Amino acid sequence: MSEQEGKIEKIVTEAQWTTGLYDCFSEDISTCCFTWFCPCVAFGRIAEILDKGETSQGLAGLMVVAMSHIGCGWYYASLYRAKLRHQYSLPEEPCADGPIHFFCCACALSQEHREIKHRGLDPSLGWQGNINKGLSTPPFVASGMDR
């Protein structure tokens with residue numbers, strides 16, 4: 001059996017999340033653990049992809065740490081959730097982005113990380129790494145959903 005045959009293919013539908021907010025343990029346990037134990041790194045990867053390389057993983061991670069020290073890390077992270085939703089025309093559910101990140105930041109980061117992966121990008125490679133692996137134009141740019 002090939003590697004592709006062993007994987008469950010996720011159907012990506014425009015204007016719909018590919019996984020639920022609380023699908024951490026049922027979908028991708030490695031992403032769940034990563035976002036719970038290394039949230040700043042996970043956020044940095046998400047931010048670099050969403051900013052199309054304009055913000056590095058390290059800078060974004062440091063920004064969320066700095067903002068967290070003054071009690072606003074959840075707000076900063078929620079701005080990127082909004083950016084992800086706008087790029088893929090995703091609904092604001094189960095509630096607004098701010099409360100999702102305030103009450104369950106790890107679940108939000110895990111869902112966002114999974115969403116990027118299901119949309120064909122590898123957050124661990126960063127923006128340039130995804131370009132170099134053969135995606136001359138990443139999926140959301142090619143579809144015109146980058147605004």
# chains A, B, ... in the order shown; residues from 1 in each chain; ligands from 1

call {"tool": "residues_around", "arguments": {"residues": "Gly126 of chain A", "least_positions_apart": "2", "cutoff": "10 Å", "atoms": "only C-alpha atoms", "output": "list of chain:residue names"}}
result
A:Gly44, A:Arg45, A:Ile46, A:Ala47, A:Glu48, A:Ile49, A:Leu50, A:Lys52, A:Gly53, A:Ser56, A:Gln57, A:Leu121, A:Asp122, A:Pro123, A:Ser124, A:Gln128, A:Gly129, A:Asn130, A:Ile131

call {"tool": "select_by_dssp", "arguments": {"residues": "segment 18-138 of chain A", "states": "helix (DSSP H, G or I)", "output": "NGL selection string"}}
result
:A and (24-27 or 29-37 or 39-50 or 57-69 or 73-88 or 97-118 or 123-132)

call {"tool": "closest_residue", "arguments": {"among": "A:Gln111, A:Thr19, A:Ser78, A:Ser68", "to": "Asp97 of chain A", "atoms": "only C-alpha atoms"}}
result
A:Ser78

call {"tool": "residues_around", "arguments": {"residues": "Trp74 of chain A", "least_positions_apart": "5", "cutoff": "12 Å", "atoms": "only C-alpha atoms", "output": "list in words"}}
result
Pro39, Cys40, Phe43, Met63, Val64, Val65, Ala66, Met67, Ser68, His69, Leu79, Tyr80, Arg81, Asp97, Gly98, Pro99, Ile100, His101, Phe102, Phe103, Cys104, Cys105, Ala106, Ala108 and Leu109 of chain A

call {"tool": "atom_distance", "arguments": {"atom1": "atom CA of His86 of chain A", "atom2": "atom CA of Gln16 of chain A"}}
result
11.5 Å

call {"tool": "closest_residue", "arguments": {"among": "A:Cys107, A:Ile116, A:Ile70, A:Leu125", "to": "Thr35 of chain A", "atoms": "only C-alpha atoms"}}
result
A:Cys107

call {"tool": "atom_distance", "arguments": {"atom1": "atom CA of Ser110 of chain A", "atom2": "atom CA of Glu93 of chain A"}}
result
14.8 Å

call {"tool": "closest_residue", "arguments": {"among": "A:Tyr22, A:Ala15, A:Glu115, A:Asp51", "to": "Lys83 of chain A", "atoms": "only C-alpha atoms"}}
result
A:Asp51
